[in-house]
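Input: a single structure, listed below in structure tokens.
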Amino acid sequence: MKKAVIIGAGPAGLTAASELLDKTDIMPVVLEASDTVGGISRTVQYNGNRMDIGGHRFFSKNQEIMDWWTRMMPLQGSRSKDDILLGLDDKPLAPGGPDPEIEDRVILLRHRVSRIFFLRKFFDYPISLSKNTFVNMGLGRTVKAGAGYLAALIHKRPETSLENFYINRFGKPLYSMFFEDYTEKVWGVHPSQLGADWGSQRVKGISIAAVIKDMFNKALGRKAAQGDKVETSLIEQFIYPKYGPGQLWETVAGDVEAKGGTIRKEAEAVAINVTGGRVTSVDWRAADGTLTREECDELLSSMPVKDLVAALRGIDIPEDVARIARDLPYRDFITVGVCVRKLKIKNQTPVKTFDGRVPDTWIYVQERDVKVGRLQIFNNWSPYMVKDYEHTMWIGMEYFCCEGDELWQMSDADFIQMAVGELESIGIADPEDVLDSCCVKVKKAYPAYFGSYYELDKVRTFLDGIDNLWCLGRNGQHRYNNMDHSMLSAMECVRNLKSGIRDKDNVWNVNTEKEYHEAK
Ligand SMILES: Cc1cc2nc3c(=O)[nH]c(=O)nc-3n(C[C@H](O)[C@H](O)[C@H](O)COP(=O)(O)OP(=O)(O)OC[C@H]3O[C@@H](n4cnc5c(N)ncnc54)[C@H](O)[C@@H]3O)c2cc1C
């Protein structure tokens, strides 16, 4: 029987393993460097509370993916804890589906509410031309923003940078207020230095014109269904596993093992051995430092392209390929989980919430005097993420950084102290109300689109020359892939293996289509 070694037990690697078992006679052996499955989409558990790193909406325009998820975890058939507490009955439930109050293997249907926190006030996200926006901005800022927008309609800038991309769509004043600082927080680089392609992929269709169209649709009571042609930033419902994204990937991992596949945790791929243009084996290092060689017929890699090229042995790597891969930029990520008795911000929206709590799943923090970029409110993702849902709020404070920088090097205790200080300074919570906290660091959370990224094609061409090497997923392709696209790249790869196709274009071409993208 043929064997495929799969590097990484994130969404791409586990999808590949599961699909191989279901559709081919190739046996998967998954090597995972960490002690958990799920990759960036894992759920972190801390003292009974659960964290989702980044907040993972399960939403895809691809029906195959939506069906795959709900096959793995069926849609709820009864109300969840929060809806029961509120007496709400406004969600379509799956007849005969599991009851989340009793069963664990269940995916919930959730409403998305996310807003921008700026000037210590809430603005709609994406920014809307509502009365609330104008009142919050004040007359002076509103007039300036309007004039800037009109100026941008008349004078279009060449879209050579992300800055110009935003200014063309929103005008300079709105760009400065809502995009400039936040983008720099996320990428550590000013938007004038970033390529416009990031914007066109991630905020496709989001412009004042799209915002106005959405407002009219809402006013006319037209509801967009999942899968309809709808700008993805405006999607307001998503599905979500009872215990966060990692629960789904733990379920997939269990299924892979039950079907005979192997998943080795704490097994870091350190050398990829190539002979005659084919990968013959992978050397992996265990937690105790011992090295083991795993022979393979195919290698499916979701490890970062940078690390993959550095791990190749037995093949001459052209100098420019080595340089481009070595210099690929990434953005790293720190999340501080904070459990509080209560938040100081209260619900002032028409959405009905438990105990007058804010309804947001997450909040973009645009305030310039703090480093935190986003707040996740895990209670609103799934009430089951929180140990004591009725008496505590469990939130995640997200910081963008670079491995080794000042933020990265801070001790967990100092970091938490800074984060709690920021919560106080922007009026979100009082330090006296903090009950528990933890700090999670995530390397290479974002493959970045600047620097040597623009020469990535040369690396791809070189890697494609290794016949049985397949690059999958987010860092595996150095592409801003969400879970669905990471999974689709794995599915395309398995389709090729099943039908003996060695060409890899379809695997790389996932998520390059013009249609899709959600925005953050
Ligand atoms: C802040 C944030 C928010 C996000 N929000 C969403 C969202 O709302 N919806 C959505 O669909 N997606 C979202 N995503 C994207 C999603 O997290 C990724 O698309 C997905 O996790 C990528 O899957 P992957 O398997 O390609 O990579 P990963 O999840 O990165 O998994 C790769 C795995 O490979 C392992 N690995 C790496 N190197 C080695 C090695 N040498 N040897 C062995 N193992 C190795 C890693 O430990 C990891 O487990 C978000 C991401 C971030 C950072």
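In the structure tokens, the first chain shown is A, the next is B, and so on; residue numbers restart at 1 for each chain, and ligands run from 1 in the order shown.
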Would you mind listing, for every residue of chain A within 7 Å of ligand 1, the two atoms forming the shortest contact and the distance between them in Å to one decimal, using only C-alpha atoms and all ligand atoms, sorted by chain and ascending residue number, as JSON lines?
{"residue": "A:Ile7", "atom": "CA", "partner": "ligand 1", "partner_atom_place_in_ligand_line": "43 (C)", "distance": 5.0}
{"residue": "A:Gly8", "atom": "CA", "partner": "ligand 1", "partner_atom_place_in_ligand_line": "34 (O)", "distance": 3.1}
{"residue": "A:Ala9", "atom": "CA", "partner": "ligand 1", "partner_atom_place_in_ligand_line": "49 (O)", "distance": 4.9}
{"residue": "A:Gly10", "atom": "CA", "partner": "ligand 1", "partner_atom_place_in_ligand_line": "25 (O)", "distance": 3.4}
{"residue": "A:Pro11", "atom": "CA", "partner": "ligand 1", "partner_atom_place_in_ligand_line": "25 (O)", "distance": 3.9}
{"residue": "A:Ala12", "atom": "CA", "partner": "ligand 1", "partner_atom_place_in_ligand_line": "25 (O)", "distance": 3.7}
{"residue": "A:Gly13", "atom": "CA", "partner": "ligand 1", "partner_atom_place_in_ligand_line": "25 (O)", "distance": 5.4}
{"residue": "A:Leu31", "atom": "CA", "partner": "ligand 1", "partner_atom_place_in_ligand_line": "43 (C)", "distance": 5.0}
{"residue": "A:Glu32", "atom": "CA", "partner": "ligand 1", "partner_atom_place_in_ligand_line": "44 (N)", "distance": 3.8}
{"residue": "A:Ala33", "atom": "CA", "partner": "ligand 1", "partner_atom_place_in_ligand_line": "44 (N)", "distance": 3.9}
{"residue": "A:Ser34", "atom": "CA", "partner": "ligand 1", "partner_atom_place_in_ligand_line": "47 (O)", "distance": 5.0}
{"residue": "A:Val37", "atom": "CA", "partner": "ligand 1", "partner_atom_place_in_ligand_line": "49 (O)", "distance": 5.9}
{"residue": "A:Gly38", "atom": "CA", "partner": "ligand 1", "partner_atom_place_in_ligand_line": "49 (O)", "distance": 5.8}
{"residue": "A:Gly39", "atom": "CA", "partner": "ligand 1", "partner_atom_place_in_ligand_line": "49 (O)", "distance": 3.2}
{"residue": "A:Ile40", "atom": "CA", "partner": "ligand 1", "partner_atom_place_in_ligand_line": "29 (O)", "distance": 3.9}
{"residue": "A:Ser41", "atom": "CA", "partner": "ligand 1", "partner_atom_place_in_ligand_line": "21 (O)", "distance": 4.4}
{"residue": "A:Ile53", "atom": "CA", "partner": "ligand 1", "partner_atom_place_in_ligand_line": "1 (C)", "distance": 6.2}
{"residue": "A:Gly54", "atom": "CA", "partner": "ligand 1", "partner_atom_place_in_ligand_line": "1 (C)", "distance": 3.4}
{"residue": "A:Gly55", "atom": "CA", "partner": "ligand 1", "partner_atom_place_in_ligand_line": "5 (N)", "distance": 5.3}
{"residue": "A:His56", "atom": "CA", "partner": "ligand 1", "partner_atom_place_in_ligand_line": "8 (O)", "distance": 3.4}
{"residue": "A:Arg57", "atom": "CA", "partner": "ligand 1", "partner_atom_place_in_ligand_line": "8 (O)", "distance": 3.8}
{"residue": "A:Phe58", "atom": "CA", "partner": "ligand 1", "partner_atom_place_in_ligand_line": "11 (O)", "distance": 5.5}
{"residue": "A:Phe59", "atom": "CA", "partner": "ligand 1", "partner_atom_place_in_ligand_line": "11 (O)", "distance": 6.5}
{"residue": "A:Ala267", "atom": "CA", "partner": "ligand 1", "partner_atom_place_in_ligand_line": "43 (C)", "distance": 5.8}
{"residue": "A:Glu268", "atom": "CA", "partner": "ligand 1", "partner_atom_place_in_ligand_line": "42 (N)", "distance": 3.6}
{"residue": "A:Ala269", "atom": "CA", "partner": "ligand 1", "partner_atom_place_in_ligand_line": "42 (N)", "distance": 3.8}
{"residue": "A:Val270", "atom": "CA", "partner": "ligand 1", "partner_atom_place_in_ligand_line": "41 (N)", "distance": 5.8}
{"residue": "A:Ser302", "atom": "CA", "partner": "ligand 1", "partner_atom_place_in_ligand_line": "26 (O)", "distance": 5.4}
{"residue": "A:Met303", "atom": "CA", "partner": "ligand 1", "partner_atom_place_in_ligand_line": "38 (N)", "distance": 4.0}
{"residue": "A:Pro304", "atom": "CA", "partner": "ligand 1", "partner_atom_place_in_ligand_line": "38 (N)", "distance": 6.2}
{"residue": "A:Asp307", "atom": "CA", "partner": "ligand 1", "partner_atom_place_in_ligand_line": "41 (N)", "distance": 6.8}
{"residue": "A:Ala445", "atom": "CA", "partner": "ligand 1", "partner_atom_place_in_ligand_line": "53 (C)", "distance": 4.4}
{"residue": "A:Tyr446", "atom": "CA", "partner": "ligand 1", "partner_atom_place_in_ligand_line": "53 (C)", "distance": 5.7}
{"residue": "A:Leu472", "atom": "CA", "partner": "ligand 1", "partner_atom_place_in_ligand_line": "26 (O)", "distance": 6.3}
{"residue": "A:Gly473", "atom": "CA", "partner": "ligand 1", "partner_atom_place_in_ligand_line": "26 (O)", "distance": 3.2}
{"residue": "A:Arg474", "atom": "CA", "partner": "ligand 1", "partner_atom_place_in_ligand_line": "26 (O)", "distance": 3.9}
{"residue": "A:Asn475", "atom": "CA", "partner": "ligand 1", "partner_atom_place_in_ligand_line": "26 (O)", "distance": 5.9}
{"residue": "A:Gly476", "atom": "CA", "partner": "ligand 1", "partner_atom_place_in_ligand_line": "26 (O)", "distance": 6.1}
{"residue": "A:Asn481", "atom": "CA", "partner": "ligand 1", "partner_atom_place_in_ligand_line": "19 (O)", "distance": 4.8}
{"residue": "A:Asn482", "atom": "CA", "partner": "ligand 1", "partner_atom_place_in_ligand_line": "19 (O)", "distance": 3.4}
{"residue": "A:Met483", "atom": "CA", "partner": "ligand 1", "partner_atom_place_in_ligand_line": "11 (O)", "distance": 3.7}
{"residue": "A:Asp484", "atom": "CA", "partner": "ligand 1", "partner_atom_place_in_ligand_line": "11 (O)", "distance": 5.5}
{"residue": "A:His485", "atom": "CA", "partner": "ligand 1", "partner_atom_place_in_ligand_line": "19 (O)", "distance": 7.0}
{"residue": "A:Ser486", "atom": "CA", "partner": "ligand 1", "partner_atom_place_in_ligand_line": "26 (O)", "distance": 4.9}
Store the residues picked out above in a file with C-alpha atoms, as a compact mmCIF listing (two decimals), in the first residue's frame.
# COMPACT_ATOMS: atom_id res chain seq x y z
CA ILE A 7 3.19 17.58 7.46
CA GLY A 8 0.85 19.44 9.84
CA ALA A 9 -2.39 18.43 11.58
CA GLY A 10 -4.18 21.70 10.86
CA PRO A 11 -7.27 21.97 8.64
CA ALA A 12 -5.28 21.31 5.43
CA GLY A 13 -3.36 18.29 6.74
CA LEU A 31 3.35 14.54 11.46
CA GLU A 32 2.38 17.36 13.81
CA ALA A 33 5.05 19.44 15.55
CA SER A 34 2.85 20.52 18.47
CA VAL A 37 -4.37 19.14 16.38
CA GLY A 38 -6.12 22.01 14.61
CA GLY A 39 -3.15 24.27 13.87
CA ILE A 40 -4.17 27.92 14.11
CA SER A 41 -7.76 26.69 14.15
CA ILE A 53 -7.25 31.91 18.43
CA GLY A 54 -8.49 34.58 16.10
CA GLY A 55 -12.17 33.73 16.16
CA HIS A 56 -12.97 31.27 13.39
CA ARG A 57 -16.20 31.71 11.54
CA PHE A 58 -17.14 28.54 9.71
CA PHE A 59 -18.45 29.97 6.52
CA ALA A 267 6.72 15.09 15.62
CA GLU A 268 8.44 17.99 13.90
CA ALA A 269 9.51 17.43 10.29
CA VAL A 270 13.11 18.63 10.19
CA SER A 302 1.26 22.38 5.13
CA MET A 303 4.39 23.59 6.95
CA PRO A 304 5.50 27.15 6.14
CA ASP A 307 10.73 26.13 6.67
CA ALA A 445 -0.29 33.44 12.13
CA TYR A 446 -0.32 35.55 8.98
CA LEU A 472 -1.24 22.83 0.84
CA GLY A 473 -3.00 25.23 3.16
CA ARG A 474 -2.24 28.69 4.44
CA ASN A 475 1.47 28.88 5.28
CA GLY A 476 1.98 25.82 3.07
CA ASN A 481 -6.27 31.16 3.06
CA ASN A 482 -9.16 30.68 5.41
CA MET A 483 -10.05 27.19 6.61
CA ASP A 484 -12.24 26.49 3.59
CA HIS A 485 -9.50 27.32 1.10
CA SER A 486 -6.91 25.45 3.13
Find the residues of segment 276-296 of chain A that sit at most 7 Å from segment 464-469 of chain A; for each, write down the nearest two atoms and how far apart they are in Å, to one decimal. Count only C-alpha atoms. Sort by chain, then by number going up, and give it as JSON lines.
{"residue": "A:Gly277", "atom": "CA", "partner": "A:Ile466", "partner_atom": "CA", "distance": 5.1}
{"residue": "A:Arg278", "atom": "CA", "partner": "A:Ile466", "partner_atom": "CA", "distance": 5.5}
{"residue": "A:Val279", "atom": "CA", "partner": "A:Asn468", "partner_atom": "CA", "distance": 6.4}
Would you mind exporting N, CA and C atoms of the selected residues as a PDB file, in the first residue's frame?
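As a result, again.pdb now contains:
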ATOM      1  N   GLY A 277      14.778  13.767  -7.820  1.00  0.00           N
ATOM      2  CA  GLY A 277      13.605  14.608  -8.081  1.00  0.00           C
ATOM      3  C   GLY A 277      12.339  14.152  -7.363  1.00  0.00           C
ATOM      4  N   ARG A 278      12.480  13.230  -6.399  1.00  0.00           N
ATOM      5  CA  ARG A 278      11.305  12.780  -5.630  1.00  0.00           C
ATOM      6  C   ARG A 278      11.635  12.760  -4.140  1.00  0.00           C
ATOM      7  N   VAL A 279      10.641  13.072  -3.327  1.00  0.00           N
ATOM      8  CA  VAL A 279      10.853  12.957  -1.880  1.00  0.00           C
ATOM      9  C   VAL A 279      10.778  11.468  -1.530  1.00  0.00           C
TER      10      VAL A 279
END
Just want the 7 Å neighbourhood of segment 132-137 of chain A, counted on only C-alpha atoms, with same-chain residues fewer than 4 positions away dropped. Output as a list in words. Lys121, Phe123, Ser128, Arg141 and Thr142 of chain A
Residues from the last selection, C-alpha atoms, saved as a CSV table (one decimal), in the first residue's frame:
chain,number,residue,atom,x,y,z
A,121,LYS,CA,-17.6,54.7,20.9
A,123,PHE,CA,-19.1,52.2,14.9
A,128,SER,CA,-21.9,52.3,7.4
A,141,ARG,CA,-15.2,64.9,10.9
A,142,THR,CA,-18.4,64.0,9.0
All residues 10 Å or closer to Asp124 of chain A, only C-alpha atoms, same chain fewer than 3 positions away omitted, as a list in words: Val113, Ser114, Arg115, Ile116, Phe117, Ile127, Ser128, Leu129, Ser130, Asn132, Thr133 and Ile363 of chain A
Selection to disk with C-alpha atoms, as a PDB file, in the first residue's frame:
ATOM      1  CA  VAL A 113     -22.143  41.107  15.309  1.00  0.00           C
ATOM      2  CA  SER A 114     -18.853  42.926  15.045  1.00  0.00           C
ATOM      3  CA  ARG A 115     -18.221  46.603  15.426  1.00  0.00           C
ATOM      4  CA  ILE A 116     -15.404  49.087  15.498  1.00  0.00           C
ATOM      5  CA  PHE A 117     -14.419  50.713  18.793  1.00  0.00           C
ATOM      6  CA  ILE A 127     -18.390  51.203   8.384  1.00  0.00           C
ATOM      7  CA  SER A 128     -21.906  52.286   7.390  1.00  0.00           C
ATOM      8  CA  LEU A 129     -23.380  55.656   6.502  1.00  0.00           C
ATOM      9  CA  SER A 130     -25.804  55.533   9.399  1.00  0.00           C
ATOM     10  CA  ASN A 132     -24.906  56.553  14.446  1.00  0.00           C
ATOM     11  CA  THR A 133     -21.693  56.924  12.415  1.00  0.00           C
ATOM     12  CA  ILE A 363     -14.686  44.206  18.244  1.00  0.00           C
TER      13      ILE A 363
END
Do you have the atom CA of Tyr125 of chain A-atom CA of Lys344 of chain A distance handy? 20.7 Å
Quick one: pick out all helix (DSSP H, G or I) residues within segment 60-219 of chain A from a backbone DSSP run and write them as a PyMOL selection string. chain A and resi 63-72+81-86+131-154+162-170+172-187+191-193+196-202+208-219
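Straight-line separation from atom CA of Ser161 of chain A to atom CA of Asp197 of chain A: 8.2 Å.
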